[in-house]
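Structure data follow from protein-v9.tsv (TSV, C-alpha atoms):
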chain	number	residue	atom	x	y	z
A	1	MET	CA	51.67	0.91	100.37
A	2	ALA	CA	54.20	-0.96	98.23
A	3	SER	CA	56.53	0.67	95.70
A	4	VAL	CA	56.64	-0.66	92.16
A	5	TYR	CA	60.43	-0.11	92.10
A	6	ARG	CA	63.12	-2.35	93.56
A	7	SER	CA	65.27	0.62	94.59
A	8	GLU	CA	65.65	4.39	94.18
A	9	GLN	CA	68.24	3.74	91.48
A	10	ALA	CA	65.70	1.58	89.63
A	11	ARG	CA	63.10	4.33	89.94
A	12	ALA	CA	65.51	6.89	88.49
A	13	GLU	CA	66.44	4.58	85.60
A	14	VAL	CA	62.79	3.98	84.64
A	15	ARG	CA	61.89	7.67	84.87
A	16	ARG	CA	64.93	8.62	82.79
A	17	TRP	CA	63.90	6.16	80.06
A	18	CYS	CA	60.36	7.57	79.97
A	19	VAL	CA	61.44	11.23	79.98
A	20	ASN	CA	64.04	10.64	77.26
A	21	ARG	CA	61.49	8.88	75.06
A	22	ILE	CA	58.92	11.67	75.44
A	23	GLU	CA	61.47	14.46	75.00
A	24	GLY	CA	62.87	12.70	71.94
A	25	SER	CA	59.46	12.80	70.29
A	26	CYS	CA	57.50	15.67	68.78
A	27	LEU	CA	55.46	15.71	72.01
A	28	ALA	CA	58.25	17.07	74.22
A	29	GLN	CA	56.18	20.11	75.29
A	30	ALA	CA	53.11	18.01	76.05
A	31	ARG	CA	54.30	16.57	79.39
A	32	SER	CA	52.94	17.87	82.70
A	33	GLU	CA	51.91	16.69	86.17
A	34	VAL	CA	48.91	16.96	88.46
A	35	VAL	CA	48.66	16.17	92.17
A	36	THR	CA	46.09	13.70	93.52
A	37	SER	CA	45.60	11.87	96.80
A	38	ALA	CA	47.62	9.03	95.20
A	39	GLY	CA	50.54	11.42	94.63
A	40	ILE	CA	51.96	12.91	91.45
A	41	THR	CA	50.31	11.83	88.18
A	42	GLY	CA	52.26	12.10	84.93
A	43	VAL	CA	50.23	13.58	82.06
A	44	VAL	CA	50.83	13.84	78.32
A	45	THR	CA	48.40	16.07	76.41
A	46	VAL	CA	48.11	16.07	72.61
A	47	GLY	CA	45.78	17.64	70.06
A	48	PRO	CA	43.49	20.66	69.74
A	49	GLU	CA	41.16	22.09	72.35
A	50	PRO	CA	37.82	20.27	72.25
A	51	ARG	CA	35.05	21.92	70.26
A	52	ASP	CA	31.77	22.67	72.03
A	53	GLY	CA	30.28	19.46	73.36
A	54	GLU	CA	33.13	17.29	72.08
A	55	PRO	CA	34.63	14.93	74.67
A	56	SER	CA	38.36	14.67	75.19
A	57	VAL	CA	39.87	11.20	75.01
A	58	VAL	CA	41.69	10.04	78.14
A	59	LEU	CA	43.98	7.06	77.54
A	60	LEU	CA	44.83	4.75	80.45
A	61	PRO	CA	47.68	2.31	79.68
A	62	GLY	CA	47.80	-1.25	81.00
A	63	THR	CA	50.04	-3.11	83.42
A	64	ASN	CA	53.71	-2.09	83.13
A	65	MET	CA	52.84	0.48	80.44
A	66	ASN	CA	52.65	4.27	80.41
A	67	ALA	CA	52.41	7.36	78.20
A	68	ALA	CA	55.96	6.95	76.91
A	69	LEU	CA	54.89	3.62	75.37
A	70	CYS	CA	51.68	5.10	73.89
A	71	LEU	CA	53.19	8.03	71.97
A	72	PRO	CA	52.54	6.73	68.43
A	73	VAL	CA	48.84	6.08	68.98
A	74	ALA	CA	48.40	9.24	71.08
A	75	GLU	CA	50.01	11.35	68.37
A	76	ALA	CA	47.82	9.79	65.65
A	77	MET	CA	44.65	10.20	67.70
A	78	GLY	CA	45.68	13.75	68.61
A	79	ARG	CA	45.50	14.84	64.98
A	80	GLU	CA	41.71	14.63	65.31
A	81	ARG	CA	40.91	15.54	68.93
A	82	ARG	CA	42.30	16.33	72.38
A	83	VAL	CA	44.00	13.27	73.89
A	84	VAL	CA	45.27	13.06	77.47
A	85	VAL	CA	47.39	10.09	78.56
A	86	LEU	CA	47.60	9.43	82.30
A	87	ASP	CA	50.34	7.25	83.81
A	88	LEU	CA	48.75	4.97	86.40
A	89	PRO	CA	50.14	5.38	89.92
A	90	GLY	CA	51.77	2.21	91.19
A	91	GLN	CA	52.93	1.28	87.68
A	92	PRO	CA	56.35	2.04	86.16
A	93	GLY	CA	56.36	5.49	84.59
A	94	LEU	CA	56.09	9.12	85.62
A	95	SER	CA	53.39	8.86	88.29
A	96	ALA	CA	53.75	8.11	91.99
A	97	ASP	CA	55.33	4.72	92.58
A	98	ARG	CA	53.16	3.31	95.39
A	99	ARG	CA	49.99	1.23	95.23
A	100	PRO	CA	47.89	-0.30	98.01
A	101	ARG	CA	48.08	-4.00	98.80
A	102	ALA	CA	44.27	-4.25	99.03
A	103	MET	CA	41.14	-2.36	97.91
A	104	ARG	CA	42.84	-1.35	94.69
A	105	SER	CA	39.67	-0.83	92.64
A	106	SER	CA	38.28	1.85	94.97
A	107	TRP	CA	41.73	3.45	95.30
A	108	TYR	CA	42.17	3.61	91.53
A	109	GLY	CA	38.61	4.84	91.09
A	110	LYS	CA	39.19	7.74	93.47
A	111	TRP	CA	42.52	8.53	91.78
A	112	LEU	CA	40.97	8.65	88.30
A	113	THR	CA	38.10	10.90	89.41
A	114	GLU	CA	40.62	13.33	90.92
A	115	ALA	CA	42.99	13.17	87.95
A	116	LEU	CA	40.18	13.97	85.52
A	117	GLU	CA	39.09	16.96	87.59
A	118	ARG	CA	42.62	18.37	87.59
A	119	ALA	CA	43.85	17.48	84.10
A	120	VAL	CA	40.85	17.44	81.76
A	121	PRO	CA	38.09	20.06	81.73
A	122	GLY	CA	34.76	18.92	80.35
A	123	PRO	CA	33.39	15.56	79.25
A	124	VAL	CA	35.70	12.63	78.52
A	125	VAL	CA	35.68	9.27	76.81
A	126	ILE	CA	38.01	6.93	78.66
A	127	VAL	CA	40.05	4.56	76.50
A	128	GLY	CA	41.50	1.93	78.83
A	129	HIS	CA	43.80	-0.90	77.81
A	130	SER	CA	43.98	-4.04	79.97
A	131	LEU	CA	44.51	-2.82	83.57
A	132	GLY	CA	43.57	0.65	82.32
A	133	GLY	CA	40.16	-0.74	81.39
A	134	ALA	CA	39.59	-2.00	84.93
A	135	VAL	CA	40.62	1.41	86.28
A	136	ALA	CA	38.22	3.10	83.84
A	137	LEU	CA	35.40	0.96	85.24
A	138	SER	CA	36.41	1.74	88.84
A	139	SER	CA	35.59	5.45	88.57
A	140	ASP	CA	32.11	6.97	88.69
A	141	SER	CA	33.32	10.43	87.64
A	142	PRO	CA	30.46	12.50	86.17
A	143	GLN	CA	32.90	13.67	83.47
A	144	ILE	CA	32.90	10.20	81.90
A	145	VAL	CA	30.39	10.05	79.02
A	146	GLY	CA	31.71	6.80	77.53
A	147	ARG	CA	34.28	4.06	77.83
A	148	VAL	CA	36.22	2.21	75.12
A	149	LEU	CA	37.77	-0.79	76.82
A	150	LEU	CA	40.59	-2.51	74.91
A	151	SER	CA	41.41	-6.07	76.00
A	152	SER	CA	39.97	-4.94	79.29
A	153	ALA	CA	40.64	-6.45	82.69
A	154	GLY	CA	38.02	-6.15	85.39
A	155	ILE	CA	35.21	-7.95	83.53
A	156	VAL	CA	36.35	-11.58	83.58
A	157	ARG	CA	39.35	-13.34	85.09
A	158	LEU	CA	42.41	-13.30	82.84
A	159	ARG	CA	43.72	-16.59	81.49
A	160	VAL	CA	47.45	-17.41	81.53
A	161	PRO	CA	48.05	-20.13	78.89
A	162	VAL	CA	51.00	-22.48	79.36
A	163	PRO	CA	53.10	-21.00	76.47
A	164	LEU	CA	52.68	-17.52	77.96
A	165	LEU	CA	53.57	-18.75	81.44
A	166	ALA	CA	56.64	-20.49	79.98
A	167	ALA	CA	57.80	-17.16	78.55
A	168	THR	CA	56.95	-15.22	81.72
A	169	VAL	CA	58.92	-17.28	84.25
A	170	PRO	CA	62.38	-16.82	82.61
A	171	TRP	CA	61.65	-13.11	82.22
A	172	LEU	CA	60.83	-12.82	85.92
A	173	LEU	CA	63.86	-14.83	87.03
A	174	ARG	CA	66.52	-13.29	84.79
A	175	PRO	CA	65.25	-10.67	82.36
A	176	THR	CA	67.13	-9.96	79.15
A	177	VAL	CA	66.08	-8.11	76.02
A	178	ALA	CA	65.73	-11.46	74.21
A	179	ARG	CA	63.53	-12.94	76.93
A	180	SER	CA	61.52	-9.75	77.17
A	181	THR	CA	60.93	-9.73	73.42
A	182	ALA	CA	59.88	-13.37	73.54
A	183	LEU	CA	57.34	-12.50	76.25
A	184	VAL	CA	55.95	-9.60	74.23
A	185	ARG	CA	55.59	-11.86	71.20
A	186	ARG	CA	53.56	-14.33	73.28
A	187	MET	CA	51.13	-11.51	74.11
A	188	ALA	CA	50.72	-10.64	70.44
A	189	ALA	CA	48.89	-12.66	67.78
A	190	PRO	CA	50.63	-15.84	66.54
A	191	GLY	CA	52.98	-15.01	63.70
A	192	GLN	CA	52.77	-11.29	64.36
A	193	ALA	CA	55.76	-10.04	62.40
A	194	TYR	CA	55.88	-6.54	63.86
A	195	VAL	CA	56.60	-5.97	67.52
A	196	PRO	CA	58.29	-2.61	68.16
A	197	ASP	CA	61.90	-2.95	69.34
A	198	TYR	CA	61.29	-0.51	72.17
A	199	LEU	CA	58.78	-2.89	73.76
A	200	GLY	CA	61.43	-5.56	74.27
A	201	GLU	CA	63.87	-2.96	75.60
A	202	TRP	CA	61.21	-1.56	77.93
A	203	MET	CA	60.11	-4.93	79.31
A	204	ASP	CA	63.74	-5.81	80.00
A	205	LEU	CA	63.98	-2.58	82.04
A	206	VAL	CA	60.75	-3.41	83.87
A	207	GLY	CA	61.96	-6.92	84.66
A	208	ARG	CA	65.21	-5.62	86.14
A	209	CYS	CA	63.85	-2.57	87.97
A	210	CYS	CA	60.26	-3.28	88.99
A	211	ARG	CA	57.98	-5.52	90.99
A	212	THR	CA	55.32	-6.27	88.43
A	213	SER	CA	51.73	-6.41	89.64
A	214	LEU	CA	49.53	-9.44	89.10
A	215	ALA	CA	46.55	-9.49	86.76
A	216	PRO	CA	43.62	-7.71	88.42
A	217	PRO	CA	40.62	-9.87	89.35
A	218	PRO	CA	37.12	-9.14	88.01
A	219	LEU	CA	35.45	-6.11	89.60
A	220	PRO	CA	32.47	-6.68	91.93
A	221	SER	CA	29.18	-7.35	90.17
A	222	GLY	CA	27.45	-4.50	91.99
A	223	LEU	CA	30.02	-1.99	90.77
A	224	LEU	CA	29.83	-3.27	87.19
A	225	GLU	CA	26.04	-3.07	87.27
A	226	LEU	CA	26.30	0.65	88.09
A	227	ARG	CA	28.52	1.20	85.04
A	228	ARG	CA	25.71	0.17	82.68
A	229	ALA	CA	24.44	3.75	82.88
A	230	VAL	CA	27.35	4.99	80.71
A	231	PRO	CA	27.77	3.70	77.14
A	232	ALA	CA	30.70	1.34	76.62
A	233	LEU	CA	32.43	-0.48	73.81
A	234	VAL	CA	34.65	-3.45	74.59
A	235	VAL	CA	37.23	-4.45	71.97
A	236	ALA	CA	39.25	-7.68	71.94
A	237	GLY	CA	41.97	-9.04	69.73
A	238	GLN	CA	41.04	-12.21	67.86
A	239	PHE	CA	44.01	-14.07	69.40
A	240	ASP	CA	44.21	-12.38	72.81
A	241	PRO	CA	45.78	-15.07	75.06
A	242	PHE	CA	44.61	-13.43	78.30
A	243	LEU	CA	41.08	-12.43	77.29
A	244	PRO	CA	39.85	-14.49	74.33
A	245	PRO	CA	36.77	-13.01	72.65
A	246	ARG	CA	34.70	-16.10	73.43
A	247	ASP	CA	35.09	-15.23	77.15
A	248	LEU	CA	35.23	-11.45	77.11
A	249	GLY	CA	32.42	-10.74	74.65
A	250	PRO	CA	29.52	-12.47	76.44
A	251	ALA	CA	30.70	-11.18	79.82
A	252	ALA	CA	30.96	-7.59	78.54
A	253	ARG	CA	27.43	-7.68	77.19
A	254	ARG	CA	26.01	-9.36	80.30
A	255	ARG	CA	27.89	-7.52	83.05
A	256	ILE	CA	28.10	-3.91	81.75
A	257	GLY	CA	25.73	-3.89	78.78
A	258	ALA	CA	28.57	-3.03	76.41
A	259	ASP	CA	28.78	-3.31	72.68
A	260	PHE	CA	31.55	-5.69	71.64
A	261	SER	CA	33.85	-5.96	68.65
A	262	VAL	CA	36.81	-8.13	67.64
A	263	VAL	CA	39.97	-6.95	65.88
A	264	GLU	CA	40.92	-9.66	63.42
A	265	GLY	CA	44.53	-10.82	63.42
A	266	ALA	CA	45.43	-9.11	66.72
A	267	GLY	CA	46.43	-10.35	70.16
A	268	HIS	CA	46.50	-8.53	73.51
A	269	LEU	CA	48.65	-5.56	72.45
A	270	LEU	CA	45.99	-3.71	70.49
A	271	LEU	CA	47.64	-0.28	70.78
A	272	ASP	CA	50.78	-1.64	69.09
A	273	GLU	CA	49.42	-4.41	66.87
A	274	SER	CA	46.34	-2.66	65.46
A	275	PRO	CA	46.54	1.10	66.13
A	276	GLU	CA	44.42	1.95	63.08
A	277	ALA	CA	41.60	-0.31	64.26
A	278	VAL	CA	41.76	1.39	67.67
A	279	LEU	CA	41.65	4.84	66.04
A	280	VAL	CA	38.58	3.90	64.00
A	281	ALA	CA	36.79	2.43	67.02
A	282	VAL	CA	37.48	5.51	69.15
A	283	ARG	CA	36.54	7.92	66.33
A	284	GLU	CA	33.20	6.25	65.72
A	285	PHE	CA	32.43	5.93	69.44
A	286	CYS	CA	33.26	9.59	70.16
A	287	ALA	CA	31.16	10.80	67.24
A	288	ALA	CA	28.12	9.48	69.08
A	289	ARG	CA	29.13	11.02	72.42
A	290	ARG	CA	28.94	14.74	71.57
A	291	THR	CA	27.14	16.55	74.36
A	292	GLY	CA	26.50	19.85	72.55
Have the structure of the file written as structure tokens, please.
Amino acid sequence: MASVYRSEQARAEVRRWCVNRIEGSCLAQARSEVVTSAGITGVVTVGPEPRDGEPSVVLLPGTNMNAALCLPVAEAMGRERRVVVLDLPGQPGLSADRRPRAMRSSWYGKWLTEALERAVPGPVVIVGHSLGGAVALSSDSPQIVGRVLLSSAGIVRLRVPVPLLAATVPWLLRPTVARSTALVRRMAAPGQAYVPDYLGEWMDLVGRCCRTSLAPPPLPSGLLELRRAVPALVVAGQFDPFLPPRDLGPAARRRIGADFSVVEGAGHLLLDESPEAVLVAVREFCAARRTG
């Protein structure tokens, strides 16, 4: 099992950044932990108790992301329903720092099933972004009544265009806030004027303190075929450099029988670039998933 952190000092620095960001928000009392076979899982819970038959929303962030980065969208979504954000183990944040070198999809699937049992009573709609989408597909938890997969990994192989690679290499070799911000901008839509300052600061911290994981490969066809039994919506940004709609859309329909939609004017960072579009998509999807 490999640690995501370069050292114990790096681990402490990342955790301190995440805790300070959460405690500096209006969600300071929402942070908790549960224990799974993968270790401690950091949890942020927002919003009212679910009404009878109403699913909670469980948000799974993507590679190098966590609940501390998702606070704005979690808070907005939490005004309407119960929202639980889980930090992925093996990613920088407030969950356990180790991840396996192989068989990651089954490991993450088992982790998610356990985390749901311990943190979220009742039915859930999983909202997974990027790596979080692949993790959402890895679990066969009976609590899952639907999946909203945002720029989701696990369905097709991610592309890495030359301009994005050109921004990634300097960030890996010698991260700075400027290089980190340039990388974030390459993930967003061309000409995207608004990229939160904290994303550049965070990615600089990740570059200095962490061993970033590679893009996950597509999940096995047999596993994806089993996921057709649960309704799914796959959402892509119009200008997503990793997962362009022309690739992701047909594969999502063919491999998991999902509905598919495109967010105009957005790139890969849907939670930051187009939070309102995400809120609308989740609201409409959940309205059809009431079990009562």
Discussion item. Let me make sure I understand: among A:Val57, A:Val4, A:Leu243, A:Leu131, which one has the smallest atom-to-atom distance to A:Arg283 if we use all atoms listed in the file?
Written reply: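 Residue with the minimum atom-to-atom distance to A:Arg283: A:Val57.
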Worksheet entry | Proximity to A:Leu149 - best of A:Cys210, A:Val19, A:Val58, A:Val44, all atoms listed in the file |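 Among the listed residues, A:Val58 lies closest to A:Leu149.
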Stretch 200-212 of chain A: axis-aligned bounding box, 3 Å on each side, centre and edge lengths in Å, one decimal, as AutoDock Vina command-line options:
--center_x 60.3 --center_y -4.2 --center_z 82.6 --size_x 15.9 --size_y 11.4 --size_z 22.7
All residues 6 Å or closer to stretch 262-267 of chain A, all atoms listed in the file, same chain fewer than 4 positions away omitted, as a PDB file with C-alpha atoms, in the coordinates of the input:
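Done, and the output landed in result06.pdb:
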ATOM      1  CA  ALA A 188      50.720 -10.640  70.440  1.00  0.00           C
ATOM      2  CA  ALA A 189      48.890 -12.660  67.780  1.00  0.00           C
ATOM      3  CA  VAL A 235      37.230  -4.450  71.970  1.00  0.00           C
ATOM      4  CA  ALA A 236      39.250  -7.680  71.940  1.00  0.00           C
ATOM      5  CA  GLY A 237      41.970  -9.040  69.730  1.00  0.00           C
ATOM      6  CA  GLN A 238      41.040 -12.210  67.860  1.00  0.00           C
ATOM      7  CA  PHE A 239      44.010 -14.070  69.400  1.00  0.00           C
ATOM      8  CA  ASP A 240      44.210 -12.380  72.810  1.00  0.00           C
TER       9      ASP A 240
END
Item to complete: Could you please give me, as a ChimeraX atom specification, the residues of protein, DNA or RNA lying at most 10 Å from (59.7, -16.2, 77.3) in the coordinate frame of the file, considering only C-alpha atoms?
Response: /A:163-172,175-176,178-186
Discussion item. Can you tell me which residues surround stretch 71-84 of chain A at a distance of at most 6 Å, considering all atoms listed in the file, apart from same-chain residues fewer than 5 positions away, and format the answer as a list in words?
Written reply: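 Near neighbours after the sequence-gap exclusion: Val44, Thr45, Val46, Gly47, Pro48, Glu49, Pro50, Ser56, Val57 and Val58 of chain A.
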Practice prompt. Calculate how many Å separate atom CA of A:Arg253 from atom CA of A:Leu270, rounding to one decimal.
Written response: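 Computing it gives 20.1 Å between the two atoms.
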Worksheet item: Of the candidates A:Val14, A:Val124, A:Val135, A:Cys70, which shows the shortest atom-to-atom distance to A:Met203, using all atoms listed in the file?
Response: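 Answer, going by the shortest atom-to-atom distance: A:Val14.
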Item to complete: Name the closest residue to A:Ser105 among the candidates A:Gly133, A:Arg6, A:Glu23, A:Leu279; distances are taken between atoms, counting all atoms listed in the file.
Response: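 Closest candidate: A:Gly133.
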Fill in: From A:Ala134, A:Ser141, A:Arg246, A:Ala251, residue lying nearest A:Glu117 [all atoms listed in the file]
A:Ser141
Worksheet item: Using only C-alpha atoms, which of the listed residues (A:Cys209, A:Val282, A:Val234, A:Leu199) sits closest to A:Leu137?
Response: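 Distance minimum relative to A:Leu137 lands on A:Val234.
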Which residues, written as an mmCIF file with C-alpha atoms, in the coordinates of the input, have at least one atom at most 9 Å from stretch 211-225 of chain A, with all atoms listed in the file counted and residues fewer than 4 positions away on the same chain left out?
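Wrote part00.cif, looks like this:
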data_model
loop_
_atom_site.group_PDB
_atom_site.id
_atom_site.type_symbol
_atom_site.label_atom_id
_atom_site.label_comp_id
_atom_site.auth_asym_id
_atom_site.auth_seq_id
_atom_site.Cartn_x
_atom_site.Cartn_y
_atom_site.Cartn_z
ATOM 1 C CA SER A 3 56.530 0.670 95.700
ATOM 2 C CA VAL A 4 56.640 -0.660 92.160
ATOM 3 C CA TYR A 5 60.430 -0.110 92.100
ATOM 4 C CA ARG A 6 63.120 -2.350 93.560
ATOM 5 C CA THR A 63 50.040 -3.110 83.420
ATOM 6 C CA ASN A 64 53.710 -2.090 83.130
ATOM 7 C CA GLY A 90 51.770 2.210 91.190
ATOM 8 C CA GLN A 91 52.930 1.280 87.680
ATOM 9 C CA PRO A 92 56.350 2.040 86.160
ATOM 10 C CA ARG A 104 42.840 -1.350 94.690
ATOM 11 C CA SER A 105 39.670 -0.830 92.640
ATOM 12 C CA LEU A 131 44.510 -2.820 83.570
ATOM 13 C CA ALA A 134 39.590 -2.000 84.930
ATOM 14 C CA LEU A 137 35.400 0.960 85.240
ATOM 15 C CA SER A 138 36.410 1.740 88.840
ATOM 16 C CA ALA A 153 40.640 -6.450 82.690
ATOM 17 C CA GLY A 154 38.020 -6.150 85.390
ATOM 18 C CA ILE A 155 35.210 -7.950 83.530
ATOM 19 C CA VAL A 156 36.350 -11.580 83.580
ATOM 20 C CA ARG A 157 39.350 -13.340 85.090
ATOM 21 C CA LEU A 158 42.410 -13.300 82.840
ATOM 22 C CA LEU A 172 60.830 -12.820 85.920
ATOM 23 C CA VAL A 206 60.750 -3.410 83.870
ATOM 24 C CA GLY A 207 61.960 -6.920 84.660
ATOM 25 C CA ALA A 229 24.440 3.750 82.880
ATOM 26 C CA ARG A 255 27.890 -7.520 83.050
ATOM 27 C CA ILE A 256 28.100 -3.910 81.750
ATOM 28 C CA GLY A 257 25.730 -3.890 78.780
#
With only C-alpha atoms counted and 9 Å as the cut-off, give the residues of stretch 111-213 of chain A in contact with stretch 230-233 of chain A, each with its shortest interatomic distance in Å and the pair that gives it, as a Markdown table.
| residue | atom | partner | partner_atom | distance |
| --- | --- | --- | --- | --- |
| A:Ile144 | CA | A:Val230 | CA | 7.7 |
| A:Val145 | CA | A:Val230 | CA | 6.1 |
| A:Gly146 | CA | A:Pro231 | CA | 5.0 |
| A:Arg147 | CA | A:Ala232 | CA | 4.7 |
| A:Val148 | CA | A:Leu233 | CA | 4.8 |
| A:Leu149 | CA | A:Leu233 | CA | 6.1 |
| A:Leu150 | CA | A:Leu233 | CA | 8.5 |
Practice prompt. In Å, rounded to a single decimal, give me how far atom CA of A:Val280 is from atom CA of A:Arg227.
Written response: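 Pair atom CA of A:Arg227 / atom CA of A:Val280 returns 23.5 Å.
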Discussion item. As an exercise, work out the distance from atom CA of A:Ser152 to atom CA of A:Gly132 in Å and give it to one decimal place.
Written reply: 7.3 Å
Fill in: Spatial neighbours of A:Glu114, 8 Å, all atoms listed in the file, chain gap at least 4 places, as a list in words
Thr36, Ser37, Lys110 and Arg118 of chain A
